[in-house]
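For reference, input_6.pdb (PDB, C-alpha atoms, pLDDT in the B column):
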MODEL        1
ATOM      1  CA  MET U   1     -16.443 -10.918  -0.422  1.00 92.00           C
ATOM      2  CA  HIS U   2     -13.116 -12.748  -0.529  1.00 97.00           C
ATOM      3  CA  ILE U   3     -10.346 -10.238   0.238  1.00 98.00           C
ATOM      4  CA  LEU U   4      -6.647 -10.934  -0.308  1.00 98.00           C
ATOM      5  CA  LEU U   5      -4.559  -8.631   1.889  1.00 98.00           C
ATOM      6  CA  THR U   6      -0.849  -7.934   1.548  1.00 98.00           C
ATOM      7  CA  ASN U   7       1.608  -5.054   2.044  1.00 98.00           C
ATOM      8  CA  ASP U   8       5.261  -4.121   1.548  1.00 97.00           C
ATOM      9  CA  ASP U   9       6.116  -3.258   5.182  1.00 97.00           C
ATOM     10  CA  SER U  10       5.944  -6.886   6.398  1.00 97.00           C
ATOM     11  CA  HIS U  11       3.708  -8.398   9.052  1.00 96.00           C
ATOM     12  CA  ASP U  12       4.988  -6.459  12.076  1.00 95.00           C
ATOM     13  CA  SER U  13       3.518  -3.170  10.837  1.00 96.00           C
ATOM     14  CA  PRO U  14       0.936  -1.890  13.361  1.00 96.00           C
ATOM     15  CA  LEU U  15      -0.987  -0.343  10.460  1.00 97.00           C
ATOM     16  CA  PHE U  16      -1.219  -3.773   8.828  1.00 97.00           C
ATOM     17  CA  LEU U  17      -2.583  -5.304  12.011  1.00 95.00           C
ATOM     18  CA  PHE U  18      -5.423  -2.822  12.375  1.00 95.00           C
ATOM     19  CA  THR U  19      -6.149  -3.144   8.647  1.00 97.00           C
ATOM     20  CA  ILE U  20      -6.787  -6.833   9.214  1.00 97.00           C
ATOM     21  CA  ARG U  21      -9.246  -6.022  11.997  1.00 95.00           C
ATOM     22  CA  ILE U  22     -11.123  -3.503   9.864  1.00 96.00           C
ATOM     23  CA  LEU U  23     -11.299  -5.685   6.742  1.00 97.00           C
ATOM     24  CA  LYS U  24     -12.592  -8.666   8.720  1.00 96.00           C
ATOM     25  CA  GLU U  25     -15.736  -6.608   9.277  1.00 95.00           C
ATOM     26  CA  LEU U  26     -16.199  -6.351   5.498  1.00 96.00           C
ATOM     27  CA  GLY U  27     -15.475  -9.846   4.208  1.00 96.00           C
ATOM     28  CA  GLU U  28     -13.438 -13.030   4.392  1.00 96.00           C
ATOM     29  CA  VAL U  29      -9.770 -12.055   4.617  1.00 97.00           C
ATOM     30  CA  THR U  30      -6.778 -14.090   3.452  1.00 98.00           C
ATOM     31  CA  VAL U  31      -3.420 -12.635   4.504  1.00 98.00           C
ATOM     32  CA  VAL U  32      -0.287 -13.291   2.447  1.00 98.00           C
ATOM     33  CA  VAL U  33       2.515 -10.946   3.434  1.00 98.00           C
ATOM     34  CA  PRO U  34       6.268 -10.508   2.832  1.00 98.00           C
ATOM     35  CA  ALA U  35       8.452 -11.983   5.562  1.00 98.00           C
ATOM     36  CA  GLN U  36      10.658  -8.869   5.506  1.00 97.00           C
ATOM     37  CA  GLU U  37      10.098  -5.271   4.492  1.00 95.00           C
ATOM     38  CA  GLN U  38       9.925  -4.860   0.715  1.00 96.00           C
ATOM     39  CA  SER U  39       9.519  -1.107   0.277  1.00 95.00           C
ATOM     40  CA  TRP U  40      10.588   0.417  -3.043  1.00 94.00           C
ATOM     41  CA  LYS U  41      10.421  -2.982  -4.780  1.00 96.00           C
ATOM     42  CA  GLY U  42       7.736  -1.909  -7.260  1.00 96.00           C
ATOM     43  CA  LYS U  43       6.281  -4.903  -9.103  1.00 97.00           C
ATOM     44  CA  SER U  44       9.496  -6.904  -9.037  1.00 97.00           C
ATOM     45  CA  MET U  45       9.174 -10.670  -8.703  1.00 98.00           C
ATOM     46  CA  THR U  46      11.557 -13.438  -7.706  1.00 97.00           C
ATOM     47  CA  ARG U  47      12.988 -14.988 -10.889  1.00 96.00           C
ATOM     48  CA  PHE U  48      15.969 -16.915  -9.520  1.00 96.00           C
ATOM     49  CA  GLY U  49      16.119 -18.782  -6.230  1.00 94.00           C
ATOM     50  CA  ALA U  50      13.344 -20.369  -4.198  1.00 96.00           C
ATOM     51  CA  LEU U  51      10.501 -18.729  -2.340  1.00 97.00           C
ATOM     52  CA  TYR U  52       9.724 -19.984   1.150  1.00 98.00           C
ATOM     53  CA  VAL U  53       6.211 -19.874   2.565  1.00 98.00           C
ATOM     54  CA  ASP U  54       5.459 -20.231   6.276  1.00 98.00           C
ATOM     55  CA  ARG U  55       2.209 -20.243   8.224  1.00 97.00           C
ATOM     56  CA  ILE U  56       2.209 -17.589  10.955  1.00 97.00           C
ATOM     57  CA  ASP U  57      -0.277 -16.181  13.443  1.00 96.00           C
ATOM     58  CA  LEU U  58      -0.939 -12.442  13.554  1.00 94.00           C
ATOM     59  CA  HIS U  59      -2.674 -11.837  16.871  1.00 86.00           C
ATOM     60  CA  GLY U  60      -5.166 -14.624  16.218  1.00 91.00           C
ATOM     61  CA  THR U  61      -5.323 -14.273  12.433  1.00 94.00           C
ATOM     62  CA  PRO U  62      -3.673 -17.075  10.444  1.00 95.00           C
ATOM     63  CA  ALA U  63      -1.487 -15.818   7.603  1.00 98.00           C
ATOM     64  CA  TRP U  64       1.137 -16.863   5.114  1.00 98.00           C
ATOM     65  CA  SER U  65       4.579 -15.277   5.306  1.00 98.00           C
ATOM     66  CA  VAL U  66       6.501 -15.274   2.001  1.00 98.00           C
ATOM     67  CA  SER U  67      10.223 -14.707   1.504  1.00 98.00           C
ATOM     68  CA  GLY U  68       9.564 -12.510  -1.507  1.00 98.00           C
ATOM     69  CA  THR U  69       8.064  -9.304  -2.821  1.00 98.00           C
ATOM     70  CA  PRO U  70       4.469  -8.040  -2.598  1.00 98.00           C
ATOM     71  CA  ALA U  71       3.896  -9.075  -6.218  1.00 98.00           C
ATOM     72  CA  ASP U  72       5.229 -12.551  -5.366  1.00 98.00           C
ATOM     73  CA  CYS U  73       2.725 -12.700  -2.509  1.00 98.00           C
ATOM     74  CA  VAL U  74      -0.218 -11.869  -4.764  1.00 98.00           C
ATOM     75  CA  ASN U  75       0.694 -14.340  -7.497  1.00 98.00           C
ATOM     76  CA  LEU U  76       1.391 -17.141  -5.020  1.00 98.00           C
ATOM     77  CA  ALA U  77      -1.852 -16.455  -3.185  1.00 98.00           C
ATOM     78  CA  ILE U  78      -4.023 -16.470  -6.306  1.00 98.00           C
ATOM     79  CA  TYR U  79      -2.532 -19.494  -8.021  1.00 98.00           C
ATOM     80  CA  ASN U  80      -0.977 -21.592  -5.241  1.00 98.00           C
ATOM     81  CA  LEU U  81      -2.320 -20.819  -1.783  1.00 98.00           C
ATOM     82  CA  MET U  82      -5.999 -19.855  -1.991  1.00 97.00           C
ATOM     83  CA  ASP U  83      -8.785 -22.329  -2.720  1.00 95.00           C
ATOM     84  CA  VAL U  84     -10.970 -19.538  -4.130  1.00 96.00           C
ATOM     85  CA  ARG U  85      -9.819 -16.607  -6.260  1.00 97.00           C
ATOM     86  CA  PRO U  86     -10.146 -13.348  -4.332  1.00 97.00           C
ATOM     87  CA  ASP U  87     -12.761 -10.828  -5.371  1.00 97.00           C
ATOM     88  CA  ILE U  88     -10.342  -8.017  -4.593  1.00 97.00           C
ATOM     89  CA  VAL U  89      -6.745  -7.480  -3.510  1.00 98.00           C
ATOM     90  CA  VAL U  90      -6.061  -4.879  -0.825  1.00 98.00           C
ATOM     91  CA  SER U  91      -2.477  -3.698  -0.399  1.00 98.00           C
ATOM     92  CA  GLY U  92      -1.471  -1.714   2.685  1.00 97.00           C
ATOM     93  CA  ILE U  93      -1.914   0.238   4.741  1.00 98.00           C
ATOM     94  CA  ASN U  94       1.475   1.509   3.632  1.00 98.00           C
ATOM     95  CA  ILE U  95       3.639   3.445   6.063  1.00 97.00           C
ATOM     96  CA  GLY U  96       3.943   6.684   4.118  1.00 95.00           C
ATOM     97  CA  THR U  97       2.127   8.046   1.079  1.00 94.00           C
ATOM     98  CA  ASN U  98       2.428   6.751  -2.461  1.00 96.00           C
ATOM     99  CA  THR U  99       1.730  10.022  -4.236  1.00 95.00           C
ATOM    100  CA  GLY U 100       3.317  11.272  -7.425  1.00 94.00           C
ATOM    101  CA  LEU U 101       4.414   9.401 -10.515  1.00 93.00           C
ATOM    102  CA  ALA U 102       7.933   8.501  -9.368  1.00 93.00           C
ATOM    103  CA  PHE U 103       6.799   6.965  -6.076  1.00 91.00           C
ATOM    104  CA  PHE U 104       3.846   5.265  -7.736  1.00 92.00           C
ATOM    105  CA  MET U 105       6.315   3.404  -9.969  1.00 93.00           C
ATOM    106  CA  ALA U 106       8.641   2.503  -7.087  1.00 95.00           C
ATOM    107  CA  SER U 107       5.954   1.394  -4.635  1.00 97.00           C
ATOM    108  CA  GLY U 108       5.751  -2.228  -3.562  1.00 98.00           C
ATOM    109  CA  THR U 109       2.250  -1.418  -2.311  1.00 98.00           C
ATOM    110  CA  LEU U 110       1.146  -0.506  -5.837  1.00 98.00           C
ATOM    111  CA  GLY U 111       3.180  -3.354  -7.326  1.00 98.00           C
ATOM    112  CA  ALA U 112       0.953  -5.856  -5.508  1.00 98.00           C
ATOM    113  CA  CYS U 113      -2.103  -4.176  -7.019  1.00 98.00           C
ATOM    114  CA  PHE U 114      -0.720  -4.339 -10.554  1.00 98.00           C
ATOM    115  CA  GLU U 115       0.003  -8.052 -10.130  1.00 98.00           C
ATOM    116  CA  ALA U 116      -3.650  -8.463  -9.140  1.00 98.00           C
ATOM    117  CA  ASN U 117      -4.766  -6.522 -12.226  1.00 98.00           C
ATOM    118  CA  ILE U 118      -2.627  -8.766 -14.460  1.00 98.00           C
ATOM    119  CA  ALA U 119      -4.562 -11.682 -12.948  1.00 98.00           C
ATOM    120  CA  ARG U 120      -7.757  -9.786 -13.907  1.00 97.00           C
ATOM    121  CA  ILE U 121      -8.625  -8.974 -10.302  1.00 97.00           C
ATOM    122  CA  PRO U 122      -9.411  -5.422  -9.089  1.00 97.00           C
ATOM    123  CA  ALA U 123      -7.297  -3.921  -6.327  1.00 98.00           C
ATOM    124  CA  ILE U 124      -6.994  -1.004  -3.968  1.00 98.00           C
ATOM    125  CA  ALA U 125      -3.874   0.477  -2.416  1.00 98.00           C
ATOM    126  CA  LEU U 126      -4.043   2.198   0.966  1.00 98.00           C
ATOM    127  CA  SER U 127      -1.212   4.521   1.996  1.00 98.00           C
ATOM    128  CA  GLN U 128      -0.909   6.642   5.129  1.00 97.00           C
ATOM    129  CA  TRP U 129       0.754  10.055   5.285  1.00 96.00           C
ATOM    130  CA  MET U 130       2.394  10.707   8.652  1.00 93.00           C
ATOM    131  CA  THR U 131       4.537  13.251  10.394  1.00 92.00           C
ATOM    132  CA  TYR U 132       8.296  13.266  10.046  1.00 89.00           C
ATOM    133  CA  GLN U 133       8.577  12.323  13.739  1.00 93.00           C
ATOM    134  CA  ASP U 134       6.291   9.302  13.350  1.00 94.00           C
ATOM    135  CA  HIS U 135       8.139   8.167  10.247  1.00 91.00           C
ATOM    136  CA  GLU U 136      11.510   8.485  11.954  1.00 91.00           C
ATOM    137  CA  GLN U 137      10.288   6.536  14.986  1.00 94.00           C
ATOM    138  CA  TRP U 138       9.163   3.732  12.692  1.00 94.00           C
ATOM    139  CA  ASN U 139      12.496   3.702  10.847  1.00 90.00           C
ATOM    140  CA  SER U 140      14.523   3.592  14.061  1.00 92.00           C
ATOM    141  CA  GLU U 141      12.304   1.551  16.402  1.00 93.00           C
ATOM    142  CA  ARG U 142       9.633  -0.102  14.173  1.00 92.00           C
ATOM    143  CA  SER U 143       6.939   1.267  16.462  1.00 94.00           C
ATOM    144  CA  PHE U 144       4.609   4.268  16.709  1.00 95.00           C
ATOM    145  CA  ASN U 145       3.532   6.627  19.433  1.00 94.00           C
ATOM    146  CA  PRO U 146       0.256   5.116  20.766  1.00 95.00           C
ATOM    147  CA  GLU U 147      -1.559   8.427  20.274  1.00 95.00           C
ATOM    148  CA  SER U 148      -0.467   8.627  16.633  1.00 95.00           C
ATOM    149  CA  LEU U 149      -1.422   5.017  15.987  1.00 95.00           C
ATOM    150  CA  ALA U 150      -4.860   5.493  17.549  1.00 95.00           C
ATOM    151  CA  ARG U 151      -5.448   8.590  15.426  1.00 95.00           C
ATOM    152  CA  MET U 152      -4.483   6.782  12.232  1.00 95.00           C
ATOM    153  CA  GLU U 153      -6.747   3.825  13.008  1.00 96.00           C
ATOM    154  CA  GLN U 154      -9.675   6.116  13.786  1.00 96.00           C
ATOM    155  CA  ASN U 155      -9.130   7.991  10.522  1.00 95.00           C
ATOM    156  CA  VAL U 156      -9.198   4.730   8.579  1.00 96.00           C
ATOM    157  CA  ARG U 157     -12.377   3.598  10.335  1.00 96.00           C
ATOM    158  CA  THR U 158     -13.976   6.936   9.494  1.00 96.00           C
ATOM    159  CA  LEU U 159     -12.959   6.769   5.831  1.00 97.00           C
ATOM    160  CA  MET U 160     -13.434   3.056   5.148  1.00 96.00           C
ATOM    161  CA  PRO U 161     -17.201   3.216   4.383  1.00 95.00           C
ATOM    162  CA  SER U 162     -16.478   5.753   1.631  1.00 95.00           C
ATOM    163  CA  ILE U 163     -13.476   3.796   0.377  1.00 96.00           C
ATOM    164  CA  TRP U 164     -15.528   0.602   0.251  1.00 95.00           C
ATOM    165  CA  LYS U 165     -18.096   2.262  -1.995  1.00 93.00           C
ATOM    166  CA  TYR U 166     -15.372   2.395  -4.648  1.00 91.00           C
ATOM    167  CA  VAL U 167     -14.706  -1.310  -4.074  1.00 90.00           C
ATOM    168  CA  GLU U 168     -18.352  -2.253  -4.482  1.00 88.00           C
ATOM    169  CA  ARG U 169     -18.406  -0.518  -7.881  1.00 86.00           C
ATOM    170  CA  LEU U 170     -15.185  -2.142  -9.117  1.00 88.00           C
ATOM    171  CA  ASP U 171     -16.177  -4.452 -11.961  1.00 86.00           C
ATOM    172  CA  THR U 172     -12.949  -4.189 -13.980  1.00 92.00           C
ATOM    173  CA  PRO U 173      -9.395  -5.243 -13.044  1.00 96.00           C
ATOM    174  CA  THR U 174      -8.125  -1.755 -12.261  1.00 96.00           C
ATOM    175  CA  THR U 175      -6.588  -0.148  -9.178  1.00 97.00           C
ATOM    176  CA  TRP U 176      -7.737   2.669  -6.922  1.00 97.00           C
ATOM    177  CA  SER U 177      -4.908   4.230  -4.956  1.00 98.00           C
ATOM    178  CA  PHE U 178      -6.045   5.933  -1.736  1.00 98.00           C
ATOM    179  CA  ASN U 179      -3.694   8.220   0.163  1.00 98.00           C
ATOM    180  CA  LEU U 180      -4.866   9.066   3.670  1.00 98.00           C
ATOM    181  CA  PRO U 181      -4.011  12.234   5.634  1.00 96.00           C
ATOM    182  CA  ASP U 182      -2.538  12.210   9.121  1.00 94.00           C
ATOM    183  CA  HIS U 183      -5.044  14.722  10.504  1.00 91.00           C
ATOM    184  CA  LEU U 184      -8.444  14.333   8.888  1.00 93.00           C
ATOM    185  CA  ASN U 185     -10.110  17.669   8.071  1.00 92.00           C
ATOM    186  CA  ASP U 186     -12.871  16.350   5.816  1.00 90.00           C
ATOM    187  CA  THR U 187     -14.431  12.904   5.385  1.00 91.00           C
ATOM    188  CA  ASP U 188     -14.987  13.409   1.651  1.00 90.00           C
ATOM    189  CA  ILE U 189     -12.646  11.440  -0.601  1.00 95.00           C
ATOM    190  CA  VAL U 190     -11.299  13.605  -3.425  1.00 97.00           C
ATOM    191  CA  ARG U 191     -10.666  12.270  -6.930  1.00 96.00           C
ATOM    192  CA  ALA U 192      -7.124  13.323  -7.789  1.00 97.00           C
ATOM    193  CA  ARG U 193      -4.669  12.794 -10.599  1.00 96.00           C
ATOM    194  CA  LEU U 194      -1.291  11.175 -10.126  1.00 95.00           C
ATOM    195  CA  GLY U 195       0.998  14.104  -9.421  1.00 94.00           C
ATOM    196  CA  HIS U 196       4.022  14.847 -11.628  1.00 94.00           C
ATOM    197  CA  THR U 197       6.485  14.437  -8.792  1.00 92.00           C
ATOM    198  CA  PHE U 198       9.991  13.166  -9.557  1.00 93.00           C
ATOM    199  CA  TYR U 199      12.763  12.440  -7.079  1.00 91.00           C
ATOM    200  CA  GLY U 200      16.479  12.887  -7.690  1.00 92.00           C
ATOM    201  CA  GLN U 201      19.404  11.434  -5.785  1.00 95.00           C
ATOM    202  CA  CYS U 202      18.525   8.264  -3.865  1.00 92.00           C
ATOM    203  CA  PHE U 203      21.919   7.090  -2.553  1.00 94.00           C
ATOM    204  CA  THR U 204      24.736   8.555  -0.463  1.00 95.00           C
ATOM    205  CA  GLN U 205      28.200   7.161   0.020  1.00 96.00           C
ATOM    206  CA  ARG U 206      29.452   5.801   3.338  1.00 95.00           C
ATOM    207  CA  GLY U 207      33.009   4.609   2.997  1.00 96.00           C
ATOM    208  CA  ASP U 208      33.099   2.270   0.011  1.00 97.00           C
ATOM    209  CA  GLN U 209      29.327   1.613   0.150  1.00 96.00           C
ATOM    210  CA  TYR U 210      26.233   3.429  -1.088  1.00 95.00           C
ATOM    211  CA  HIS U 211      23.071   3.493   1.013  1.00 94.00           C
ATOM    212  CA  HIS U 212      19.527   4.555   0.227  1.00 91.00           C
ATOM    213  CA  SER U 213      19.111   8.150   1.404  1.00 91.00           C
ATOM    214  CA  LEU U 214      16.478  10.021  -0.557  1.00 88.00           C
ATOM    215  CA  GLN U 215      17.382  13.679  -0.993  1.00 89.00           C
ATOM    216  CA  ARG U 216      14.933  16.582  -1.050  1.00 85.00           C
ATOM    217  CA  PHE U 217      12.796  16.938  -4.162  1.00 85.00           C
ATOM    218  CA  ASP U 218      10.028  19.168  -5.486  1.00 87.00           C
ATOM    219  CA  ILE U 219       6.428  17.956  -5.452  1.00 85.00           C
ATOM    220  CA  ASP U 220       3.561  18.712  -7.802  1.00 88.00           C
ATOM    221  CA  GLN U 221       1.609  21.306  -5.828  1.00 88.00           C
ATOM    222  CA  ALA U 222      -1.252  21.772  -8.307  1.00 95.00           C
ATOM    223  CA  PRO U 223      -4.565  21.551  -6.401  1.00 94.00           C
ATOM    224  CA  ASP U 224      -5.758  18.478  -8.323  1.00 95.00           C
ATOM    225  CA  SER U 225      -2.645  16.378  -7.618  1.00 96.00           C
ATOM    226  CA  ASP U 226      -2.823  13.537  -5.103  1.00 96.00           C
ATOM    227  CA  GLN U 227      -0.115  15.037  -2.878  1.00 94.00           C
ATOM    228  CA  ALA U 228      -1.809  18.451  -2.737  1.00 95.00           C
ATOM    229  CA  VAL U 229      -5.128  16.862  -1.742  1.00 96.00           C
ATOM    230  CA  VAL U 230      -3.545  14.939   1.144  1.00 96.00           C
ATOM    231  CA  PHE U 231      -1.832  18.122   2.383  1.00 93.00           C
ATOM    232  CA  THR U 232      -5.295  19.685   2.829  1.00 95.00           C
ATOM    233  CA  GLY U 233      -6.294  16.948   5.292  1.00 95.00           C
ATOM    234  CA  ARG U 234      -8.435  14.985   2.851  1.00 96.00           C
ATOM    235  CA  ALA U 235      -8.015  11.512   1.393  1.00 97.00           C
ATOM    236  CA  SER U 236      -7.158  11.308  -2.298  1.00 97.00           C
ATOM    237  CA  ALA U 237      -8.375   8.633  -4.721  1.00 97.00           C
ATOM    238  CA  THR U 238      -6.501   8.004  -7.961  1.00 97.00           C
ATOM    239  CA  HIS U 239      -7.714   5.541 -10.580  1.00 96.00           C
ATOM    240  CA  ILE U 240      -5.112   3.494 -12.454  1.00 95.00           C
ATOM    241  CA  ASP U 241      -5.976   1.279 -15.409  1.00 94.00           C
ATOM    242  CA  ILE U 242      -2.881  -0.574 -16.636  1.00 90.00           C
ATOM    243  CA  THR U 243      -4.648  -1.558 -19.866  1.00 87.00           C
ATOM    244  CA  GLN U 244      -4.715   2.115 -20.878  1.00 87.00           C
ATOM    245  CA  ILE U 245      -0.942   2.579 -20.655  1.00 81.00           C
ATOM    246  CA  GLY U 246       0.334   3.460 -24.104  1.00 72.00           C
ATOM    247  CA  GLN U 247      -3.138   4.235 -25.450  1.00 73.00           C
ATOM    248  CA  HIS U 248      -3.742   7.468 -27.338  1.00 65.00           C
TER     249      HIS U 248
ENDMDL
END

Just give me the structure of the file as structure tokens.
Amino acid sequence: MHILLTNDDSHDSPLFLFTIRILKELGEVTVVVPAQEQSWKGKSMTRFGALYVDRIDLHGTPAWSVSGTPADCVNLAIYNLMDVRPDIVVSGINIGTNTGLAFFMASGTLGACFEANIARIPAIALSQWMTYQDHEQWNSERSFNPESLARMEQNVRTLMPSIWKYVERLDTPTTWSFNLPDHLNDTDIVRARLGHTFYGQCFTQRGDQYHHSLQRFDIDQAPDSDQAVVFTGRASATHIDITQIGQH
């Protein structure tokens, strides 16, 4: 299987590096990744200005680094960089969950998958819930506690056989979004709907500038929502078919 791998956290993400290792056990992996973090970019693409593509080495794995968005990476890979069209696009593992409708629409991780679907290629998104402390350490130091990182990698290795069963059945250009818990209580993957979660204020003022600073918001706590499933220590799986948007 030819796997195209990208993310929105850029190539220095430790989660991205162990994703490469795991996927290499499942197929031939081509890595095309944003040169800088592109979180919250959704499916935006570079319309004006040039994109720059560099060859880099990620701990022994050759990759392309692109000065653009995750969706840019996918389109460039499919039509410009790869000799063979990928069988599937994998996006992630994202640092943080992509649960709930509002975050689903904002996610660069999901945006890469939708660009794959537009190219008629199936995709999966992998997103990792983590503690507030781990998230803050990443935001301030771009690193993780070794114990936390080891736990997350082990969880992914435990869940990947079940996740890959979804991949092997993918015969249409749709997306499966998997959100993974921090502490795994059950190896079953739970089908969940996209929660009706909506954020509010995203920016706060500092002097004469406004900076991204997401304020508290309410989540959809219904048991069948993706967020609620992850909170129980189980991985959620949500199916997204962009061709059904607007259908009655």

Point-to-point distance from atom CA of U:Asn98 to atom CA of U:Ser127, Å rounded to tenths: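 If I compute the distance from atom CA of U:Asn98 to atom CA of U:Ser127, I get 6.2 Å.
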
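By only C-alpha atoms, and with residues fewer than 6 positions from stretch 216-221 of chain U along its chain excluded, the set lying at most 8 Å from it is U:Gly100, U:Gly195, U:His196, U:Thr197, U:Phe198, U:Tyr199, U:Gly200, U:Gln227, U:Ala228.
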
Surrounding residues of U:Val89 excluding itself and chain neighbours under 2 positions, 8 Å, only C-alpha atoms, as a ChimeraX atom specification: /U:3-6,74,86-87,91,113,116,121-124

Residues near stretch 143-153 of chain U, cut-off 9 Å, only C-alpha atoms, skip fewer than 6 positions along chain, as a list in words: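 Listing them by chain and then by number gives Ser13, Pro14, Leu15, Phe18, Thr19, Gln128, Met130, Asp134, His135, Gln137, Leu180, Pro181, Asp182 and His183 of chain U.
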
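Applied to this file, the PyMOL selection byres ((chain U and resi 186) around 10) selects the residues Leu159, Pro181, His183, Leu184, Asn185, Thr187, Asp188, Ile189, Val190, Thr232, Gly233, Arg234 and Ala235 of chain U.
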
Explicit residue set for the PyMOL selection byres ((chain U and resi 20) around 12), as a PyMOL selection string: chain U and resi 3-7+11+13-19+21-33+58-63+90-93+153+156-157

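With only C-alpha atoms as the atoms that count, the residue of U:Met1, U:Leu214, U:Met160, U:Leu126 with the shortest distance to U:Thr99 is U:Leu126.
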
Quick one: stretch 75-97 of chain U with C-alpha atoms, as a compact mmCIF listing (two decimals), in the first residue's frame?
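This went into part-v1.txt:
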# COMPACT_ATOMS: atom_id res chain seq x y z
CA ASN U 75 -2.17 18.38 -3.62
CA LEU U 76 1.52 18.88 -4.36
CA ALA U 77 2.31 15.31 -3.36
CA ILE U 78 -0.40 13.75 -5.52
CA TYR U 79 0.12 15.81 -8.66
CA ASN U 80 3.73 17.03 -8.50
CA LEU U 81 5.95 15.03 -6.18
CA MET U 82 4.88 11.37 -6.19
CA ASP U 83 5.49 9.01 -9.10
CA VAL U 84 2.52 6.85 -8.04
CA ARG U 85 -0.80 8.08 -6.67
CA PRO U 86 -1.17 7.10 -3.01
CA ASP U 87 -3.72 4.48 -2.04
CA ILE U 88 -4.51 6.44 1.11
CA VAL U 89 -3.62 9.72 2.80
CA VAL U 90 -2.91 9.66 6.54
CA SER U 91 -2.93 12.97 8.38
CA GLY U 92 -1.51 13.22 11.90
CA ILE U 93 -1.02 12.23 14.55
CA ASN U 94 -2.35 15.62 15.57
CA ILE U 95 -1.32 17.12 18.89
CA GLY U 96 -4.75 17.45 20.47
CA THR U 97 -8.17 16.09 19.53
